[in-house]
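Just below is one structure, and these are the notes that go with it.
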Amino acid sequence: MNGSVRVGQVVGVPLRMHWSVPLLVGLFAYGLGHQGLPVWTPGRSDAVYALAGVIGAVLLMGSLLLHETAHAATALRKKISVQDVTLWALGGTTRMGRPQSARAAFAVAVSGPLISLVIGGVALGAGFGLHGLSGWAVPSVVLAWLGWANLFLGVFNLLPAVPLDGGRVVQAVLWWRTGDRDRADLAASRGGQIMGVLLVAAGWISVLRGAPGGLWIVFIGLFVMVVAGAERRRAALHTALRGVRVAEAMTSPVATGADWLTVQRFIDEVVVHSRHSVLPLLDFDGRPSGIVQLRRLAAVPGPSRETVRVREAATPLSQCAVAAPDDLLSDALDKISLRTGARLLVVDAGHLVGIVTGKDIVRMMQRTTLSGRRTGEQTGGQTG
């Protein structure tokens with residue numbers, strides 16, 4: 001996610017934090033320390049309220065982290081690759097590969113909300129128990145607040161709206177019932193769009209009735225609508241490309257350049273003869289080593305272009321999306337992200353044999369669409 005930095009790792013995968021997390025912690029701390037606690041436990045000092053508010057906010061972010069960690073840990077147990085876990089203003093997100101079975105998809109989806117519900121129940125019980133046994137009002141209220149927040153988080157995430165966990169549960173159930181993952185994804189994403197509209201409407205009604213917190217619901221609804229729309233387009237893409245191999249869509253041969261050349265020599269010998277803004281690189285053995293963007297070369301200062309090697313300004317192969325010619329194109333496209341860029345390097349036996357770009361995908365979708373229409377027209381004629 002853009003705007004996030006790596007801060008560590010959980011269950012062996014990178015943990016990233018978005019810039020909005022400190023803001024979220026501050027908002028929760030302020031709400032609890034300056035609005036909640038003074039009402040529920042009057043008579044304490046401002047310092048006590050402020051400290052308790054910060055502790056409560058940090059504990060809530062910790063519980064959000066456990067929610068996402070549950071997703072990541074379950075995915076790893078189900079042999080699903082996990083790229084990273086990111087905390088941000090709306091809680092968190094876990095980037096992972098596509099589950100290979102409805103059972104695995106269901107297990108991953110429900111693991112997060114279950115953890116939130118368990119934390120909520122334990123914190124709520126601890127808060128009431130601590131108050132009854134010791135009378136420590138402030139710690140008891142913080143624990144009770146944490147418990148209710150986690151119970152709300154668990155229940156809210158079970159709403160049947162992609163990208164919420166409940167939407168993933170719907171996807172898994174539909175996949176299990178129909179046996180068609182793409183069809184299940186399409187249906188669940190449509191449901192997510194409808195739920196997003198309902199959340200936006202509910203939020204605006206709350207705002208019009210004098211509840212400023214309704215703006216938060218509007219924001220969540222808009223987020224759900226956008227992500228569900230993106231997932232619907234992705235589901236339609238997977239359906240259109242079903243059964244298509246990477247080799248059928250790739251462009252070959254590929255314009256490449258040597259990674260050991262200096263930037264200036266690369267510009268003079270390769271760039272001026274190419275029509276592409278991104279070029280794959282090959283090492284001394286003719287094997288792919290990464291890709292270089294022309295804007296990265298342009299950013300190299302003039303005096304340094306005679307000494308800096310082009311590979312030093314390139315994106316290494318480890319950060320590129322790579323697939324084999326026989327891989328299913330729909331599965332290979334899942335490897336593409338903002339980090340890898342919108343292109344897929346096709347490698348066979350260690351050698352670059354092709355590349356798949358956005359234009360290649362559009363062309364392949366047009367071919368499959370035309371082929372489908374032609375088949376339909378012929379079938380219709382025979383039936384008539």
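How things are named: the first chain in the structure tokens is A, the next is B, and so on; residues count from 1 in each chain; ligands count from 1 in the order shown.
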For Ile267 of chain A: contacts at 12 Å, only C-alpha atoms, fewer than 2 positions along chain excluded, given as number ranges by chain: A: 257-259, 261-265, 269-274, 277, 279, 292-298, 300, 302, 305-306, 309-310
Long-range neighbours of Asp326 of chain A as a list in words, 8 Å cut-off, only C-alpha atoms, 2 positions minimum in chain: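 Answer for this query is Arg245, Val246, Ala247, Ala324 and Leu328 of chain A.
Taking atom CA of Leu32 of chain A and atom CA of Ala126 of chain A as endpoints, the distance between them is 18.2 Å.
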One-decimal distance in Å that lies between atom CA of Gly43 of chain A and atom CA of Gly129 of chain A: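 Taking atom CA of Gly129 of chain A as the start and atom CA of Gly43 of chain A as the end point, the length is 21.9 Å.
The neighbours of Ser63 of chain A here are the residues that come within 12 Å of it, using only C-alpha atoms and leaving out any residue fewer than 4 positions away in the same chain; they are Gly56, Ala57, Val58, Leu59, His67, Glu68, Thr69, Ala70, Leu87, Gly91, Gly92, Gly112, Pro113, Leu114, Ile115, Ser116, Leu117, Val118, Ile119, Gly120, Val122, Ala123, Leu146, Gly147, Ala149, Asn150, Leu151, Leu153 and Gly154 of chain A.
You will find atom CA of Val173 of chain A at 15.1 Å from atom CA of Arg190 of chain A.
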Contacts of Ala109 of chain A at 6 Å (only C-alpha atoms; same-chain gap of 5+ positions) as number ranges by chain: A: 165, 168-169
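For the choices A:Arg95, A:Phe28, A:Lys79, A:Ala201, the atom-to-atom distance to Pro14 of chain A is smallest for A:Arg95 when using only C-alpha atoms.
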Per-residue DSSP, segment 242-296 of chain A, filtered to strand (DSSP E or B), as a VMD selection string: chain A and resid 245 251 257 to 258 262 278 to 282 288 to 293
Residue with smallest distance to Ala349 of chain A - pool A:Leu222, A:Ala228, A:His276, A:Arg287, counting only C-alpha atoms: A:Arg287
As a compact mmCIF listing (two decimals) with N, CA and C atoms, in the first residue's frame, please: every residue in segment 55-223 of chain A that DSSP puts in alpha helix (DSSP H).
```txt
# COMPACT_ATOMS: atom_id res chain seq x y z
N ILE A 55 -3.12 4.30 26.26
CA ILE A 55 -2.99 2.86 26.47
C ILE A 55 -4.13 2.11 25.77
N GLY A 56 -5.36 2.62 25.91
CA GLY A 56 -6.49 1.98 25.25
C GLY A 56 -6.35 1.97 23.74
N ALA A 57 -5.89 3.11 23.17
CA ALA A 57 -5.73 3.19 21.72
C ALA A 57 -4.66 2.23 21.22
N VAL A 58 -3.55 2.14 21.97
CA VAL A 58 -2.47 1.22 21.58
C VAL A 58 -2.94 -0.23 21.67
N LEU A 59 -3.70 -0.55 22.74
CA LEU A 59 -4.23 -1.91 22.87
C LEU A 59 -5.19 -2.24 21.72
N LEU A 60 -5.97 -1.26 21.29
CA LEU A 60 -6.89 -1.50 20.18
C LEU A 60 -6.11 -1.76 18.89
N MET A 61 -5.05 -1.00 18.64
CA MET A 61 -4.24 -1.26 17.45
C MET A 61 -3.56 -2.62 17.55
N GLY A 62 -3.18 -3.01 18.77
CA GLY A 62 -2.62 -4.34 18.95
C GLY A 62 -3.62 -5.44 18.61
N SER A 63 -4.88 -5.22 18.98
CA SER A 63 -5.91 -6.21 18.66
C SER A 63 -6.19 -6.24 17.15
N LEU A 64 -6.09 -5.08 16.48
CA LEU A 64 -6.22 -5.05 15.02
C LEU A 64 -5.08 -5.84 14.37
N LEU A 65 -3.89 -5.70 14.94
CA LEU A 65 -2.75 -6.46 14.43
C LEU A 65 -2.98 -7.97 14.61
N LEU A 66 -3.52 -8.37 15.76
CA LEU A 66 -3.82 -9.79 15.97
C LEU A 66 -4.87 -10.29 14.99
N HIS A 67 -5.83 -9.44 14.66
CA HIS A 67 -6.85 -9.78 13.66
C HIS A 67 -6.19 -10.12 12.33
N GLU A 68 -5.29 -9.25 11.86
CA GLU A 68 -4.63 -9.48 10.58
C GLU A 68 -3.63 -10.63 10.67
N THR A 69 -2.99 -10.76 11.82
CA THR A 69 -2.05 -11.87 12.00
C THR A 69 -2.76 -13.21 11.90
N ALA A 70 -3.99 -13.27 12.38
CA ALA A 70 -4.76 -14.51 12.28
C ALA A 70 -5.00 -14.86 10.81
N HIS A 71 -5.33 -13.85 10.00
CA HIS A 71 -5.49 -14.10 8.55
C HIS A 71 -4.20 -14.65 7.95
N ALA A 72 -3.07 -13.99 8.26
CA ALA A 72 -1.79 -14.39 7.68
C ALA A 72 -1.38 -15.78 8.14
N ALA A 73 -1.52 -16.06 9.43
CA ALA A 73 -1.12 -17.36 9.96
C ALA A 73 -1.97 -18.48 9.36
N THR A 74 -3.28 -18.25 9.25
CA THR A 74 -4.16 -19.26 8.68
C THR A 74 -3.83 -19.49 7.21
N ALA A 75 -3.55 -18.41 6.49
CA ALA A 75 -3.19 -18.54 5.07
C ALA A 75 -1.92 -19.37 4.92
N LEU A 76 -0.93 -19.11 5.75
CA LEU A 76 0.32 -19.86 5.66
C LEU A 76 0.10 -21.33 5.98
N ARG A 77 -0.77 -21.62 6.95
CA ARG A 77 -1.08 -23.03 7.26
C ARG A 77 -1.78 -23.71 6.10
N ALA A 102 -12.22 -23.83 -1.63
CA ALA A 102 -13.21 -23.05 -0.89
C ALA A 102 -13.02 -23.22 0.61
N ARG A 103 -12.59 -24.41 1.03
CA ARG A 103 -12.36 -24.65 2.46
C ARG A 103 -11.26 -23.74 2.99
N ALA A 104 -10.17 -23.61 2.23
CA ALA A 104 -9.08 -22.74 2.66
C ALA A 104 -9.51 -21.28 2.68
N ALA A 105 -10.27 -20.87 1.66
CA ALA A 105 -10.75 -19.49 1.60
C ALA A 105 -11.65 -19.17 2.79
N PHE A 106 -12.50 -20.11 3.16
CA PHE A 106 -13.41 -19.91 4.30
C PHE A 106 -12.61 -19.79 5.60
N ALA A 107 -11.62 -20.68 5.78
CA ALA A 107 -10.83 -20.66 7.01
C ALA A 107 -10.08 -19.35 7.17
N VAL A 108 -9.49 -18.86 6.09
CA VAL A 108 -8.76 -17.60 6.16
C VAL A 108 -9.70 -16.44 6.47
N ALA A 109 -10.88 -16.44 5.85
CA ALA A 109 -11.82 -15.33 6.02
C ALA A 109 -12.35 -15.23 7.44
N VAL A 110 -12.69 -16.35 8.06
CA VAL A 110 -13.32 -16.30 9.38
C VAL A 110 -12.30 -16.16 10.51
N SER A 111 -11.03 -16.42 10.24
CA SER A 111 -10.04 -16.42 11.32
C SER A 111 -9.91 -15.05 11.98
N GLY A 112 -9.92 -13.97 11.17
CA GLY A 112 -9.78 -12.64 11.74
C GLY A 112 -10.93 -12.24 12.64
N PRO A 113 -12.18 -12.29 12.14
CA PRO A 113 -13.31 -11.94 13.00
C PRO A 113 -13.40 -12.80 14.27
N LEU A 114 -13.06 -14.09 14.17
CA LEU A 114 -13.10 -14.95 15.36
C LEU A 114 -12.13 -14.45 16.42
N ILE A 115 -10.92 -14.06 15.99
CA ILE A 115 -9.94 -13.52 16.94
C ILE A 115 -10.47 -12.24 17.59
N SER A 116 -11.08 -11.37 16.78
CA SER A 116 -11.62 -10.12 17.32
C SER A 116 -12.72 -10.40 18.34
N LEU A 117 -13.60 -11.36 18.03
CA LEU A 117 -14.68 -11.70 18.96
C LEU A 117 -14.14 -12.30 20.25
N VAL A 118 -13.10 -13.13 20.14
CA VAL A 118 -12.50 -13.73 21.34
C VAL A 118 -11.84 -12.64 22.19
N ILE A 119 -11.07 -11.76 21.55
CA ILE A 119 -10.43 -10.66 22.29
C ILE A 119 -11.50 -9.78 22.95
N GLY A 120 -12.57 -9.50 22.20
CA GLY A 120 -13.64 -8.68 22.75
C GLY A 120 -14.27 -9.31 23.98
N GLY A 121 -14.56 -10.60 23.89
CA GLY A 121 -15.16 -11.28 25.04
C GLY A 121 -14.24 -11.32 26.24
N VAL A 122 -12.96 -11.61 26.01
CA VAL A 122 -11.99 -11.69 27.11
C VAL A 122 -11.80 -10.31 27.76
N ALA A 123 -11.64 -9.28 26.93
CA ALA A 123 -11.42 -7.93 27.47
C ALA A 123 -12.64 -7.44 28.22
N LEU A 124 -13.83 -7.71 27.69
CA LEU A 124 -15.05 -7.27 28.36
C LEU A 124 -15.21 -7.98 29.70
N GLY A 125 -14.97 -9.29 29.70
CA GLY A 125 -15.06 -10.04 30.95
C GLY A 125 -14.03 -9.58 31.96
N ALA A 126 -12.81 -9.30 31.47
CA ALA A 126 -11.75 -8.83 32.38
C ALA A 126 -12.10 -7.47 32.95
N GLY A 127 -12.71 -6.60 32.14
CA GLY A 127 -13.08 -5.28 32.63
C GLY A 127 -14.12 -5.35 33.73
N PHE A 128 -15.18 -6.13 33.50
CA PHE A 128 -16.21 -6.27 34.53
C PHE A 128 -15.67 -6.97 35.77
N GLY A 129 -14.83 -7.99 35.55
CA GLY A 129 -14.26 -8.71 36.70
C GLY A 129 -13.34 -7.84 37.53
N LEU A 130 -12.49 -7.04 36.86
CA LEU A 130 -11.57 -6.16 37.58
C LEU A 130 -12.33 -5.11 38.39
N HIS A 131 -13.40 -4.60 37.80
CA HIS A 131 -14.19 -3.59 38.52
C HIS A 131 -14.88 -4.19 39.73
N GLY A 132 -15.38 -5.42 39.58
CA GLY A 132 -16.08 -6.05 40.69
C GLY A 132 -15.15 -6.47 41.81
N LEU A 133 -13.91 -6.88 41.49
CA LEU A 133 -13.00 -7.38 42.50
C LEU A 133 -12.18 -6.27 43.17
N SER A 134 -11.77 -5.26 42.39
CA SER A 134 -10.85 -4.26 42.93
C SER A 134 -11.43 -2.85 42.95
N ALA A 137 -11.63 1.70 38.61
CA ALA A 137 -12.59 2.14 37.61
C ALA A 137 -11.95 2.42 36.25
N VAL A 138 -10.84 3.16 36.24
CA VAL A 138 -10.25 3.56 34.95
C VAL A 138 -9.75 2.34 34.17
N PRO A 139 -8.93 1.44 34.73
CA PRO A 139 -8.52 0.26 33.96
C PRO A 139 -9.71 -0.60 33.54
N SER A 140 -10.73 -0.67 34.39
CA SER A 140 -11.91 -1.46 34.05
C SER A 140 -12.63 -0.89 32.84
N VAL A 141 -12.77 0.43 32.80
CA VAL A 141 -13.45 1.08 31.68
C VAL A 141 -12.63 0.92 30.40
N VAL A 142 -11.31 1.04 30.49
CA VAL A 142 -10.47 0.87 29.31
C VAL A 142 -10.63 -0.54 28.75
N LEU A 143 -10.62 -1.54 29.62
CA LEU A 143 -10.79 -2.92 29.16
C LEU A 143 -12.19 -3.14 28.57
N ALA A 144 -13.20 -2.58 29.22
CA ALA A 144 -14.56 -2.73 28.69
C ALA A 144 -14.68 -2.04 27.32
N TRP A 145 -14.09 -0.85 27.20
CA TRP A 145 -14.10 -0.14 25.91
C TRP A 145 -13.40 -0.96 24.84
N LEU A 146 -12.26 -1.55 25.20
CA LEU A 146 -11.52 -2.40 24.26
C LEU A 146 -12.35 -3.61 23.87
N GLY A 147 -13.06 -4.19 24.84
CA GLY A 147 -13.90 -5.34 24.55
C GLY A 147 -15.02 -5.02 23.59
N TRP A 148 -15.74 -3.92 23.86
CA TRP A 148 -16.85 -3.54 22.97
C TRP A 148 -16.34 -3.18 21.58
N ALA A 149 -15.18 -2.52 21.51
CA ALA A 149 -14.61 -2.15 20.21
C ALA A 149 -14.28 -3.39 19.39
N ASN A 150 -13.73 -4.41 20.02
CA ASN A 150 -13.39 -5.64 19.30
C ASN A 150 -14.63 -6.44 18.91
N LEU A 151 -15.63 -6.43 19.78
CA LEU A 151 -16.88 -7.11 19.41
C LEU A 151 -17.51 -6.43 18.20
N PHE A 152 -17.49 -5.10 18.20
CA PHE A 152 -18.01 -4.36 17.05
C PHE A 152 -17.19 -4.67 15.80
N LEU A 153 -15.86 -4.68 15.96
CA LEU A 153 -14.98 -4.97 14.83
C LEU A 153 -15.26 -6.35 14.26
N GLY A 154 -15.42 -7.34 15.14
CA GLY A 154 -15.69 -8.70 14.67
C GLY A 154 -17.01 -8.81 13.94
N VAL A 155 -18.06 -8.20 14.50
CA VAL A 155 -19.39 -8.27 13.88
C VAL A 155 -19.41 -7.47 12.58
N PHE A 156 -18.83 -6.27 12.60
CA PHE A 156 -18.83 -5.44 11.39
C PHE A 156 -18.10 -6.13 10.25
N ASN A 157 -16.97 -6.77 10.55
CA ASN A 157 -16.20 -7.44 9.50
C ASN A 157 -16.93 -8.64 8.92
N ASP A 165 -14.40 -9.26 5.69
CA ASP A 165 -14.24 -10.71 5.85
C ASP A 165 -15.54 -11.46 5.56
N GLY A 166 -16.67 -10.84 5.90
CA GLY A 166 -17.94 -11.48 5.61
C GLY A 166 -18.15 -11.69 4.12
N GLY A 167 -17.66 -10.74 3.31
CA GLY A 167 -17.74 -10.91 1.87
C GLY A 167 -16.89 -12.07 1.39
N ARG A 168 -15.73 -12.25 2.04
CA ARG A 168 -14.87 -13.39 1.69
C ARG A 168 -15.53 -14.71 2.08
N VAL A 169 -16.27 -14.68 3.18
CA VAL A 169 -17.01 -15.88 3.59
C VAL A 169 -18.07 -16.21 2.54
N VAL A 170 -18.78 -15.19 2.06
CA VAL A 170 -19.78 -15.40 1.01
C VAL A 170 -19.12 -15.97 -0.23
N GLN A 171 -17.96 -15.44 -0.61
CA GLN A 171 -17.24 -15.97 -1.76
C GLN A 171 -16.95 -17.45 -1.59
N ALA A 172 -16.43 -17.81 -0.41
CA ALA A 172 -16.06 -19.20 -0.17
C ALA A 172 -17.28 -20.12 -0.22
N VAL A 173 -18.39 -19.68 0.37
CA VAL A 173 -19.60 -20.51 0.38
C VAL A 173 -20.14 -20.68 -1.05
N LEU A 174 -20.20 -19.59 -1.80
CA LEU A 174 -20.68 -19.68 -3.18
C LEU A 174 -19.75 -20.54 -4.03
N TRP A 175 -18.47 -20.43 -3.79
CA TRP A 175 -17.50 -21.25 -4.51
C TRP A 175 -17.74 -22.73 -4.21
N TRP A 176 -17.98 -23.03 -2.93
CA TRP A 176 -18.24 -24.41 -2.52
C TRP A 176 -19.54 -24.94 -3.12
N ARG A 177 -20.57 -24.08 -3.16
CA ARG A 177 -21.86 -24.51 -3.68
C ARG A 177 -21.87 -24.67 -5.19
N THR A 178 -21.20 -23.75 -5.91
CA THR A 178 -21.25 -23.76 -7.38
C THR A 178 -20.07 -24.47 -8.02
N ARG A 181 -15.14 -20.64 -8.94
CA ARG A 181 -14.57 -19.56 -8.14
C ARG A 181 -14.83 -18.19 -8.77
N ASP A 182 -14.66 -18.08 -10.08
CA ASP A 182 -14.85 -16.79 -10.73
C ASP A 182 -16.30 -16.31 -10.60
N ARG A 183 -17.23 -17.23 -10.75
CA ARG A 183 -18.64 -16.87 -10.60
C ARG A 183 -18.94 -16.43 -9.17
N ALA A 184 -18.34 -17.12 -8.21
CA ALA A 184 -18.53 -16.75 -6.81
C ALA A 184 -17.93 -15.37 -6.52
N ASP A 185 -16.75 -15.11 -7.07
CA ASP A 185 -16.11 -13.80 -6.88
C ASP A 185 -16.97 -12.68 -7.46
N LEU A 186 -17.54 -12.92 -8.64
CA LEU A 186 -18.37 -11.91 -9.30
C LEU A 186 -19.62 -11.61 -8.48
N ALA A 187 -20.27 -12.66 -7.98
CA ALA A 187 -21.49 -12.46 -7.19
C ALA A 187 -21.18 -11.74 -5.88
N ALA A 188 -20.10 -12.13 -5.22
CA ALA A 188 -19.75 -11.51 -3.93
C ALA A 188 -19.35 -10.04 -4.13
N SER A 189 -18.67 -9.73 -5.22
CA SER A 189 -18.28 -8.35 -5.46
C SER A 189 -19.49 -7.47 -5.75
N ARG A 190 -20.47 -8.02 -6.44
CA ARG A 190 -21.71 -7.27 -6.66
C ARG A 190 -22.40 -6.98 -5.33
N GLY A 191 -22.43 -7.97 -4.46
CA GLY A 191 -23.00 -7.76 -3.13
C GLY A 191 -22.24 -6.70 -2.36
N GLY A 192 -20.91 -6.66 -2.52
CA GLY A 192 -20.11 -5.64 -1.86
C GLY A 192 -20.45 -4.25 -2.33
N GLN A 193 -20.68 -4.09 -3.64
CA GLN A 193 -21.06 -2.79 -4.17
C GLN A 193 -22.40 -2.33 -3.60
N ILE A 194 -23.35 -3.27 -3.51
CA ILE A 194 -24.66 -2.92 -2.95
C ILE A 194 -24.53 -2.53 -1.48
N MET A 195 -23.75 -3.29 -0.72
CA MET A 195 -23.55 -2.97 0.69
C MET A 195 -22.85 -1.63 0.86
N GLY A 196 -21.91 -1.33 -0.03
CA GLY A 196 -21.23 -0.04 0.03
C GLY A 196 -22.20 1.11 -0.15
N VAL A 197 -23.13 0.97 -1.11
CA VAL A 197 -24.14 2.01 -1.33
C VAL A 197 -25.01 2.17 -0.09
N LEU A 198 -25.39 1.07 0.53
CA LEU A 198 -26.22 1.13 1.74
C LEU A 198 -25.48 1.82 2.89
N LEU A 199 -24.18 1.53 3.02
CA LEU A 199 -23.40 2.17 4.08
C LEU A 199 -23.29 3.68 3.85
N VAL A 200 -23.07 4.08 2.60
CA VAL A 200 -22.99 5.51 2.29
C VAL A 200 -24.31 6.19 2.62
N ALA A 201 -25.42 5.55 2.24
CA ALA A 201 -26.74 6.12 2.52
C ALA A 201 -26.99 6.24 4.02
N ALA A 202 -26.64 5.17 4.76
CA ALA A 202 -26.83 5.20 6.21
C ALA A 202 -25.97 6.28 6.86
N GLY A 203 -24.75 6.44 6.36
CA GLY A 203 -23.86 7.46 6.91
C GLY A 203 -24.39 8.87 6.69
N TRP A 204 -24.89 9.14 5.49
CA TRP A 204 -25.42 10.47 5.20
C TRP A 204 -26.67 10.75 6.02
N ILE A 205 -27.50 9.74 6.21
CA ILE A 205 -28.68 9.93 7.05
C ILE A 205 -28.27 10.30 8.48
N SER A 206 -27.21 9.63 8.98
CA SER A 206 -26.72 9.94 10.32
C SER A 206 -26.20 11.37 10.40
N VAL A 207 -25.49 11.79 9.37
CA VAL A 207 -24.96 13.16 9.35
C VAL A 207 -26.10 14.17 9.34
N LEU A 208 -27.11 13.92 8.51
CA LEU A 208 -28.25 14.84 8.42
C LEU A 208 -29.03 14.91 9.73
N GLY A 214 -21.26 9.89 11.32
CA GLY A 214 -21.77 9.28 10.09
C GLY A 214 -20.83 9.46 8.92
N LEU A 215 -19.96 10.50 8.98
CA LEU A 215 -18.99 10.70 7.91
C LEU A 215 -18.02 9.53 7.82
N TRP A 216 -17.71 8.94 8.97
CA TRP A 216 -16.82 7.77 8.99
C TRP A 216 -17.49 6.60 8.27
N ILE A 217 -18.80 6.43 8.48
CA ILE A 217 -19.54 5.36 7.80
C ILE A 217 -19.58 5.61 6.30
N VAL A 218 -19.73 6.89 5.91
CA VAL A 218 -19.71 7.25 4.49
C VAL A 218 -18.37 6.87 3.88
N PHE A 219 -17.30 7.20 4.58
CA PHE A 219 -15.96 6.89 4.08
C PHE A 219 -15.77 5.38 3.92
N ILE A 220 -16.21 4.62 4.90
CA ILE A 220 -16.10 3.16 4.81
C ILE A 220 -16.93 2.63 3.65
N GLY A 221 -18.14 3.17 3.49
CA GLY A 221 -18.99 2.74 2.38
C GLY A 221 -18.36 3.01 1.03
N LEU A 222 -17.76 4.20 0.87
CA LEU A 222 -17.09 4.53 -0.38
C LEU A 222 -15.92 3.58 -0.63
N PHE A 223 -15.18 3.28 0.43
CA PHE A 223 -14.05 2.35 0.30
C PHE A 223 -14.55 0.97 -0.15
```
